[in-house]
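One structure below.
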Amino acid sequence: MRRLVLLLLLITLFACETDDRNEVLVLGLIHGKHLTESEFSTEVLREMIRDIDPDIILAEIPPDRFEKAMSSYAETGIVNEYRVAQFPEYVDVIIPLTKEMDFTLIPTSAWTEEMANDRLTKMRAIRDDPNREYEWQKYGFAKYIADSIKEASGRQYNPYWINSSAYDDASEIALRVYNELFNEELGPGGWDNINKAHYENIEKALNEYTNQGKRIVITYGAGHKGWFLRKLHERDDIKLISLGEAISLDSQD
């Protein structure tokens with residue numbers, strides 16, 4: 001019996017010593033609302049990033065905009081690349097933290113300006129087409145249900161609720177309808193299509209750093225989180241962690 005206990009202990013110790021899987025956290029963000037919602041303000045996000053202490057951040061920044069954004073910040077202390085400047089989580093928090101913390105910031109967004117403009121034009125055309133009123137109302141009703149569930153939670157802008165499966169389930173009510181109705185028509189800017197493109201960039205970075213025992217944080221708008229998590233669960237070379245696991249209990253209070 002003692003030999004069996006010793007063997008199990010050695011197996012456990014060996015497993016702990018050889019588990020070099022990266023920890024991966026998908027951190028859902030709220031873009032402009034970081035400037036207006038005190039529960040998840042830029043100040044709150046800044047302290048979260050410090051507490052999480054990532055080795056790598058895979059950011060919702062297009063690679064073709066990244067160099068200009070970083071060089072402008074290095075030269076002037078201001079991010080003046082206008083696509084990146086729309087996101088306070090990068091302009092006010094993550095990019096400035098590169099001077100304070102030792103993490104690698106990698107741009108992984110597949111969005112282009114052309115895709116964004118094309119999606120906006122097509123969605124306006126669908127909205128204004130009287131022959132597609134039913135589709136637009138169906139999408140609008142799904143959004144209403146999703147938003148109502150979030151509001152009814154009483155924690156609509158609480159970062160721990162935003163980064164929960166309950167939030168993902170509520171978001172999926174609207175996103176599923178949006179995807180079913182418009183993904184193909186919107187082309188590269190459709191919901192499934194753009195998430196696949198984002199994830200290809202994310203996966204490329206994960207593969208580059210596989211099994212290095214690093215803590216990797218993926219920072220995107222919270223709506224993307226459920227889609228990414230479904231794909232990430234297919235990997236056995238990473239350890240997915242929640243926001244609660246990444247931050248000490250004292251930091252949550």
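By convention here, the chains of the structure tokens are called A, B, ... in the order presented, each chain's residues are numbered starting at 1, and ligands are numbered starting at 1 in the order presented.
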Proximity of range 149-199 of chain A to range 223-241 of chain A: per-residue shortest pair, 12 Å limit, only C-alpha atoms, as a Markdown table:
| residue | atom | partner | partner_atom | distance |
| --- | --- | --- | --- | --- |
| A:Ile162 | CA | A:Gly223 | CA | 9.3 |
| A:Asn163 | CA | A:Lys225 | CA | 8.1 |
| A:Ser164 | CA | A:Gly226 | CA | 9.3 |
| A:Ser165 | CA | A:Gly226 | CA | 7.7 |
| A:Ala166 | CA | A:Gly226 | CA | 10.1 |
| A:Tyr167 | CA | A:Gly223 | CA | 8.8 |
| A:Asp168 | CA | A:Gly226 | CA | 5.4 |
| A:Asp169 | CA | A:Gly226 | CA | 8.0 |
| A:Ala170 | CA | A:Gly223 | CA | 9.8 |
| A:Ser171 | CA | A:Gly223 | CA | 6.4 |
| A:Glu172 | CA | A:Gly226 | CA | 7.9 |
| A:Ile173 | CA | A:Gly223 | CA | 11.1 |
| A:Ala174 | CA | A:Gly223 | CA | 10.0 |
| A:Leu175 | CA | A:Gly223 | CA | 8.1 |
| A:Arg176 | CA | A:Trp227 | CA | 10.6 |
| A:Asn179 | CA | A:Trp227 | CA | 11.7 |
| A:Trp191 | CA | A:His224 | CA | 9.1 |
| A:Asp192 | CA | A:Trp227 | CA | 8.5 |
| A:Asn193 | CA | A:Trp227 | CA | 11.4 |
| A:Ile194 | CA | A:His224 | CA | 9.9 |
| A:Asn195 | CA | A:His224 | CA | 7.3 |
| A:Lys196 | CA | A:Phe228 | CA | 9.0 |
| A:Ala197 | CA | A:Phe228 | CA | 11.2 |
| A:His198 | CA | A:Phe228 | CA | 9.0 |
| A:Tyr199 | CA | A:Phe228 | CA | 7.0 |
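All residues of protein, DNA or RNA that reach within 12 Å of Tyr178 in chain A, judged by only C-alpha atoms and not counting those fewer than 2 positions away in the chain, are A:Met123, A:Glu135, A:Trp136, A:Gln137, A:Lys138, A:Tyr139, A:Gly140, A:Phe141, A:Ala142, A:Lys143, A:Ser171, A:Glu172, A:Ile173, A:Ala174, A:Leu175, A:Arg176, A:Glu180, A:Leu181, A:Phe182, A:Asn183, A:Glu184, A:Glu185, A:Leu186, A:Gly189, A:Gly190, A:Trp191, A:Asp192.
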Hey, which bits of range 42-160 of chain A sit within 12 Å of range 18-28 of chain A, and for each residue what's the closest pair of atoms and how far apart in Å (one decimal), counting only C-alpha atoms, rows by chain and increasing number, as JSON lines?
{"residue": "A:Leu45", "atom": "CA", "partner": "A:Leu27", "partner_atom": "CA", "distance": 10.2}
{"residue": "A:Met48", "atom": "CA", "partner": "A:Leu27", "partner_atom": "CA", "distance": 10.1}
{"residue": "A:Ile49", "atom": "CA", "partner": "A:Leu27", "partner_atom": "CA", "distance": 9.9}
{"residue": "A:Ile52", "atom": "CA", "partner": "A:Leu25", "partner_atom": "CA", "distance": 9.3}
{"residue": "A:Asp53", "atom": "CA", "partner": "A:Leu25", "partner_atom": "CA", "distance": 11.4}
{"residue": "A:Pro54", "atom": "CA", "partner": "A:Leu25", "partner_atom": "CA", "distance": 9.3}
{"residue": "A:Asp55", "atom": "CA", "partner": "A:Glu23", "partner_atom": "CA", "distance": 9.9}
{"residue": "A:Ile56", "atom": "CA", "partner": "A:Val24", "partner_atom": "CA", "distance": 9.6}
{"residue": "A:Ile57", "atom": "CA", "partner": "A:Leu25", "partner_atom": "CA", "distance": 9.6}
{"residue": "A:Leu58", "atom": "CA", "partner": "A:Val26", "partner_atom": "CA", "distance": 9.4}
{"residue": "A:Ala59", "atom": "CA", "partner": "A:Leu27", "partner_atom": "CA", "distance": 10.1}
{"residue": "A:Glu60", "atom": "CA", "partner": "A:Gly28", "partner_atom": "CA", "distance": 10.7}
{"residue": "A:Glu89", "atom": "CA", "partner": "A:Gly28", "partner_atom": "CA", "distance": 10.9}
{"residue": "A:Tyr157", "atom": "CA", "partner": "A:Gly28", "partner_atom": "CA", "distance": 11.1}
{"residue": "A:Asn158", "atom": "CA", "partner": "A:Gly28", "partner_atom": "CA", "distance": 11.1}
{"residue": "A:Pro159", "atom": "CA", "partner": "A:Gly28", "partner_atom": "CA", "distance": 8.1}
{"residue": "A:Tyr160", "atom": "CA", "partner": "A:Gly28", "partner_atom": "CA", "distance": 9.5}
So that I can check the surroundings of Glu67 in chain A, please list as a short mmCIF file (atom, residue, chain, number, x, y, z; two decimals) with N, CA and C atoms, in the first residue's frame every protein, DNA and RNA residue that reaches within 10 Å of it, counting only C-alpha atoms and ignoring chain neighbours fewer than 6 positions away.
data_model
loop_
_atom_site.label_atom_id
_atom_site.label_comp_id
_atom_site.auth_asym_id
_atom_site.auth_seq_id
_atom_site.Cartn_x
_atom_site.Cartn_y
_atom_site.Cartn_z
N TYR A 73 2.78 55.98 -30.43
CA TYR A 73 2.77 56.04 -28.96
C TYR A 73 4.19 56.23 -28.42
N GLU A 81 -3.18 56.26 -34.58
CA GLU A 81 -3.69 55.42 -35.66
C GLU A 81 -5.18 55.29 -35.42
N PRO A 107 -0.84 41.65 -32.55
CA PRO A 107 -2.11 42.01 -33.21
C PRO A 107 -2.67 40.80 -33.95
#
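Computed from the coordinates, the CA of Ile94 in chain A to CA of Ile202 in chain A distance equals 17.6 Å.
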Closest of A:Ser41, A:Ser153, A:Asn131, A:Thr104 to Lys214 in chain A - atom-to-atom distances counting only C-alpha atoms: A:Thr104
DSSP helix (DSSP H, G or I) selection over range 30-176 of chain A, as a PyMOL selection string: chain A and resi 31-35+38-40+42-52+63-76+84-86+88-97+113-128+130-152+159-162+165-176
Selection: 12 Å around Ile78 in chain A, only C-alpha atoms, excl. self and same-chain fewer than 4 positions, as a PDB file with all heavy atoms, in the first residue's frame:
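This went into around-v4.pdb:
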ATOM      1  N   LYS A  68       2.162  51.376 -36.843  1.00  0.00           N
ATOM      2  CA  LYS A  68       1.922  52.823 -36.745  1.00  0.00           C
ATOM      3  C   LYS A  68       1.399  53.195 -35.360  1.00  0.00           C
ATOM      4  O   LYS A  68       1.807  54.222 -34.790  1.00  0.00           O
ATOM      5  CB  LYS A  68       0.932  53.277 -37.810  1.00  0.00           C
ATOM      6  CG  LYS A  68       0.688  54.782 -37.792  1.00  0.00           C
ATOM      7  CD  LYS A  68      -0.259  55.228 -38.896  1.00  0.00           C
ATOM      8  CE  LYS A  68      -0.500  56.741 -38.822  1.00  0.00           C
ATOM      9  NZ  LYS A  68      -1.440  57.207 -39.875  1.00  0.00           N
ATOM     10  N   ALA A  69       0.507  52.371 -34.821  1.00  0.00           N
ATOM     11  CA  ALA A  69      -0.036  52.651 -33.491  1.00  0.00           C
ATOM     12  C   ALA A  69       1.065  52.656 -32.439  1.00  0.00           C
ATOM     13  O   ALA A  69       1.142  53.562 -31.594  1.00  0.00           O
ATOM     14  CB  ALA A  69      -1.106  51.626 -33.133  1.00  0.00           C
ATOM     15  N   MET A  70       1.943  51.671 -32.483  1.00  0.00           N
ATOM     16  CA  MET A  70       2.996  51.565 -31.481  1.00  0.00           C
ATOM     17  C   MET A  70       4.062  52.639 -31.663  1.00  0.00           C
ATOM     18  O   MET A  70       4.558  53.199 -30.681  1.00  0.00           O
ATOM     19  CB  MET A  70       3.628  50.174 -31.546  1.00  0.00           C
ATOM     20  CG  MET A  70       2.677  49.041 -31.183  1.00  0.00           C
ATOM     21  SD  MET A  70       1.921  49.199 -29.539  1.00  0.00           S
ATOM     22  CE  MET A  70       3.351  48.935 -28.496  1.00  0.00           C
ATOM     23  N   SER A  71       4.405  52.944 -32.912  1.00  0.00           N
ATOM     24  CA  SER A  71       5.438  53.964 -33.137  1.00  0.00           C
ATOM     25  C   SER A  71       4.936  55.346 -32.759  1.00  0.00           C
ATOM     26  O   SER A  71       5.683  56.155 -32.189  1.00  0.00           O
ATOM     27  CB  SER A  71       5.893  53.946 -34.591  1.00  0.00           C
ATOM     28  OG  SER A  71       4.826  54.246 -35.480  1.00  0.00           O
ATOM     29  N   SER A  72       3.659  55.629 -33.025  1.00  0.00           N
ATOM     30  CA  SER A  72       3.117  56.934 -32.646  1.00  0.00           C
ATOM     31  C   SER A  72       3.080  57.080 -31.131  1.00  0.00           C
ATOM     32  O   SER A  72       3.360  58.152 -30.595  1.00  0.00           O
ATOM     33  CB  SER A  72       1.718  57.132 -33.234  1.00  0.00           C
ATOM     34  OG  SER A  72       0.768  56.276 -32.635  1.00  0.00           O
ATOM     35  N   TYR A  73       2.780  55.977 -30.427  1.00  0.00           N
ATOM     36  CA  TYR A  73       2.769  56.043 -28.959  1.00  0.00           C
ATOM     37  C   TYR A  73       4.187  56.235 -28.424  1.00  0.00           C
ATOM     38  O   TYR A  73       4.402  57.018 -27.489  1.00  0.00           O
ATOM     39  CB  TYR A  73       2.150  54.782 -28.361  1.00  0.00           C
ATOM     40  CG  TYR A  73       2.101  54.838 -26.860  1.00  0.00           C
ATOM     41  CD1 TYR A  73       1.142  55.605 -26.212  1.00  0.00           C
ATOM     42  CD2 TYR A  73       3.052  54.171 -26.088  1.00  0.00           C
ATOM     43  CE1 TYR A  73       1.123  55.705 -24.829  1.00  0.00           C
ATOM     44  CE2 TYR A  73       3.033  54.251 -24.712  1.00  0.00           C
ATOM     45  CZ  TYR A  73       2.063  55.028 -24.085  1.00  0.00           C
ATOM     46  OH  TYR A  73       2.056  55.120 -22.719  1.00  0.00           O
ATOM     47  N   ALA A  74       5.145  55.532 -29.019  1.00  0.00           N
ATOM     48  CA  ALA A  74       6.537  55.660 -28.575  1.00  0.00           C
ATOM     49  C   ALA A  74       7.064  57.075 -28.784  1.00  0.00           C
ATOM     50  O   ALA A  74       7.825  57.593 -27.964  1.00  0.00           O
ATOM     51  CB  ALA A  74       7.412  54.656 -29.319  1.00  0.00           C
ATOM     52  N   TYR A  82      -5.993  55.820 -36.319  1.00  0.00           N
ATOM     53  CA  TYR A  82      -7.394  56.072 -35.977  1.00  0.00           C
ATOM     54  C   TYR A  82      -8.214  54.810 -35.760  1.00  0.00           C
ATOM     55  O   TYR A  82      -9.165  54.815 -34.969  1.00  0.00           O
ATOM     56  CB  TYR A  82      -8.054  56.968 -37.034  1.00  0.00           C
ATOM     57  CG  TYR A  82      -8.396  56.300 -38.340  1.00  0.00           C
ATOM     58  CD1 TYR A  82      -9.682  55.834 -38.588  1.00  0.00           C
ATOM     59  CD2 TYR A  82      -7.437  56.147 -39.330  1.00  0.00           C
ATOM     60  CE1 TYR A  82      -9.988  55.230 -39.789  1.00  0.00           C
ATOM     61  CE2 TYR A  82      -7.735  55.555 -40.528  1.00  0.00           C
ATOM     62  CZ  TYR A  82      -9.021  55.083 -40.759  1.00  0.00           C
ATOM     63  OH  TYR A  82      -9.325  54.483 -41.947  1.00  0.00           O
ATOM     64  N   VAL A  84      -7.139  51.955 -34.362  1.00  0.00           N
ATOM     65  CA  VAL A  84      -6.790  51.483 -33.023  1.00  0.00           C
ATOM     66  C   VAL A  84      -7.284  52.469 -31.970  1.00  0.00           C
ATOM     67  O   VAL A  84      -7.702  52.069 -30.879  1.00  0.00           O
ATOM     68  CB  VAL A  84      -5.269  51.274 -32.903  1.00  0.00           C
ATOM     69  CG1 VAL A  84      -4.892  50.781 -31.504  1.00  0.00           C
ATOM     70  CG2 VAL A  84      -4.774  50.290 -33.963  1.00  0.00           C
ATOM     71  N   ALA A  85      -7.272  53.763 -32.313  1.00  0.00           N
ATOM     72  CA  ALA A  85      -7.680  54.802 -31.358  1.00  0.00           C
ATOM     73  C   ALA A  85      -9.146  54.702 -30.966  1.00  0.00           C
ATOM     74  O   ALA A  85      -9.576  55.340 -30.000  1.00  0.00           O
ATOM     75  CB  ALA A  85      -7.395  56.186 -31.944  1.00  0.00           C
ATOM     76  N   PRO A  88     -10.508  52.185 -26.354  1.00  0.00           N
ATOM     77  CA  PRO A  88      -9.831  52.694 -25.150  1.00  0.00           C
ATOM     78  C   PRO A  88      -9.063  51.621 -24.394  1.00  0.00           C
ATOM     79  O   PRO A  88      -8.111  51.932 -23.671  1.00  0.00           O
ATOM     80  CB  PRO A  88     -10.978  53.260 -24.305  1.00  0.00           C
ATOM     81  CG  PRO A  88     -12.222  52.633 -24.844  1.00  0.00           C
ATOM     82  CD  PRO A  88     -11.966  52.390 -26.293  1.00  0.00           C
ATOM     83  N   TYR A  90      -6.999  49.627 -25.551  1.00  0.00           N
ATOM     84  CA  TYR A  90      -5.624  49.640 -26.052  1.00  0.00           C
ATOM     85  C   TYR A  90      -4.963  50.992 -25.880  1.00  0.00           C
ATOM     86  O   TYR A  90      -3.830  51.093 -25.416  1.00  0.00           O
ATOM     87  CB  TYR A  90      -5.600  49.195 -27.524  1.00  0.00           C
ATOM     88  CG  TYR A  90      -6.148  47.802 -27.686  1.00  0.00           C
ATOM     89  CD1 TYR A  90      -7.306  47.559 -28.421  1.00  0.00           C
ATOM     90  CD2 TYR A  90      -5.537  46.724 -27.058  1.00  0.00           C
ATOM     91  CE1 TYR A  90      -7.830  46.289 -28.529  1.00  0.00           C
ATOM     92  CE2 TYR A  90      -6.057  45.450 -27.151  1.00  0.00           C
ATOM     93  CZ  TYR A  90      -7.206  45.230 -27.889  1.00  0.00           C
ATOM     94  OH  TYR A  90      -7.736  43.965 -27.976  1.00  0.00           O
ATOM     95  N   VAL A  91      -5.684  52.055 -26.253  1.00  0.00           N
ATOM     96  CA  VAL A  91      -5.129  53.412 -26.184  1.00  0.00           C
ATOM     97  C   VAL A  91      -4.806  53.819 -24.749  1.00  0.00           C
ATOM     98  O   VAL A  91      -3.752  54.395 -24.475  1.00  0.00           O
ATOM     99  CB  VAL A  91      -6.116  54.418 -26.808  1.00  0.00           C
ATOM    100  CG1 VAL A  91      -5.638  55.847 -26.602  1.00  0.00           C
ATOM    101  CG2 VAL A  91      -6.292  54.139 -28.292  1.00  0.00           C
ATOM    102  N   ASP A  92      -5.718  53.514 -23.826  1.00  0.00           N
ATOM    103  CA  ASP A  92      -5.578  53.990 -22.446  1.00  0.00           C
ATOM    104  C   ASP A  92      -5.009  52.954 -21.487  1.00  0.00           C
ATOM    105  O   ASP A  92      -4.598  53.315 -20.379  1.00  0.00           O
ATOM    106  CB  ASP A  92      -6.936  54.460 -21.914  1.00  0.00           C
ATOM    107  CG  ASP A  92      -7.504  55.636 -22.701  1.00  0.00           C
ATOM    108  OD1 ASP A  92      -6.708  56.357 -23.313  1.00  0.00           O
ATOM    109  OD2 ASP A  92      -8.738  55.813 -22.714  1.00  0.00           O
ATOM    110  N   VAL A  93      -5.030  51.690 -21.870  1.00  0.00           N
ATOM    111  CA  VAL A  93      -4.645  50.657 -20.913  1.00  0.00           C
ATOM    112  C   VAL A  93      -3.498  49.776 -21.429  1.00  0.00           C
ATOM    113  O   VAL A  93      -2.376  49.844 -20.937  1.00  0.00           O
ATOM    114  CB  VAL A  93      -5.864  49.770 -20.543  1.00  0.00           C
ATOM    115  CG1 VAL A  93      -5.445  48.690 -19.538  1.00  0.00           C
ATOM    116  CG2 VAL A  93      -6.987  50.621 -19.964  1.00  0.00           C
ATOM    117  N   ILE A  95      -1.675  49.318 -24.353  1.00  0.00           N
ATOM    118  CA  ILE A  95      -0.452  49.848 -24.971  1.00  0.00           C
ATOM    119  C   ILE A  95       0.389  50.613 -23.954  1.00  0.00           C
ATOM    120  O   ILE A  95       1.611  50.388 -23.862  1.00  0.00           O
ATOM    121  CB  ILE A  95      -0.792  50.691 -26.212  1.00  0.00           C
ATOM    122  CG1 ILE A  95      -1.301  49.770 -27.332  1.00  0.00           C
ATOM    123  CG2 ILE A  95       0.422  51.480 -26.692  1.00  0.00           C
ATOM    124  CD1 ILE A  95      -1.737  50.487 -28.597  1.00  0.00           C
ATOM    125  N   PRO A  96      -0.184  51.513 -23.134  1.00  0.00           N
ATOM    126  CA  PRO A  96       0.646  52.149 -22.095  1.00  0.00           C
ATOM    127  C   PRO A  96       1.284  51.163 -21.119  1.00  0.00           C
ATOM    128  O   PRO A  96       2.400  51.390 -20.647  1.00  0.00           O
ATOM    129  CB  PRO A  96      -0.358  53.069 -21.377  1.00  0.00           C
ATOM    130  CG  PRO A  96      -1.354  53.413 -22.425  1.00  0.00           C
ATOM    131  CD  PRO A  96      -1.513  52.144 -23.214  1.00  0.00           C
TER     132      PRO A  96
END
CA of Thr112 in chain A to CA of Glu75 in chain A, distance in Å rounded to a single decimal: 24.9 Å
